[in-house]
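Chemist: Structure in structure tokens, see below.
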Amino acid sequence: MGIDINSLISAASRKLGVPEEKLRRAVNDGSVAELRSYLSEKDNEKLDNALRDKKLADEIQKKYMGGKR
């Protein structure tokens with residue numbers, strides 16, 4: 001099962017209240033700082049914790065990327 005990036009961007013756009021094209025541009029440019037700027041402080045903290053949790057990161061990678069890096 002691969003990630004449908006278009007659906008993901010659309011859903012994130014609605015949830016964050018950010019115009020879809022602005023979010024799509026940040027994703028395509030790989031602008032992590034811009035993407036993180038749309039998150040609340042609490043959500044940024046959750047993201048940091050998830051990224052530090054190797055087991056969780058590996059599970060997400062396996063589930064959504066088939067183990068590819």
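Each chain in the structure tokens gets a letter, A, B, ..., in the order shown, and its residues are numbered from 1; ligands are numbered from 1 in order too.
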Could you name the residues that touch segment 1-13 of chain A at 10 Å or less, counting only C-alpha atoms, but leaving out those on the same chain fewer than 2 positions away, as a VMD selection string?
Modeler: chain A and resid 15 to 24 27 38 63 to 66
Chemist: From a backbone DSSP assignment, name each residue in chain A labelled helix (DSSP H, G or I), as a ChimeraX atom specification.
Modeler: /A:5-16,20-29,32-37,41-52,54-65
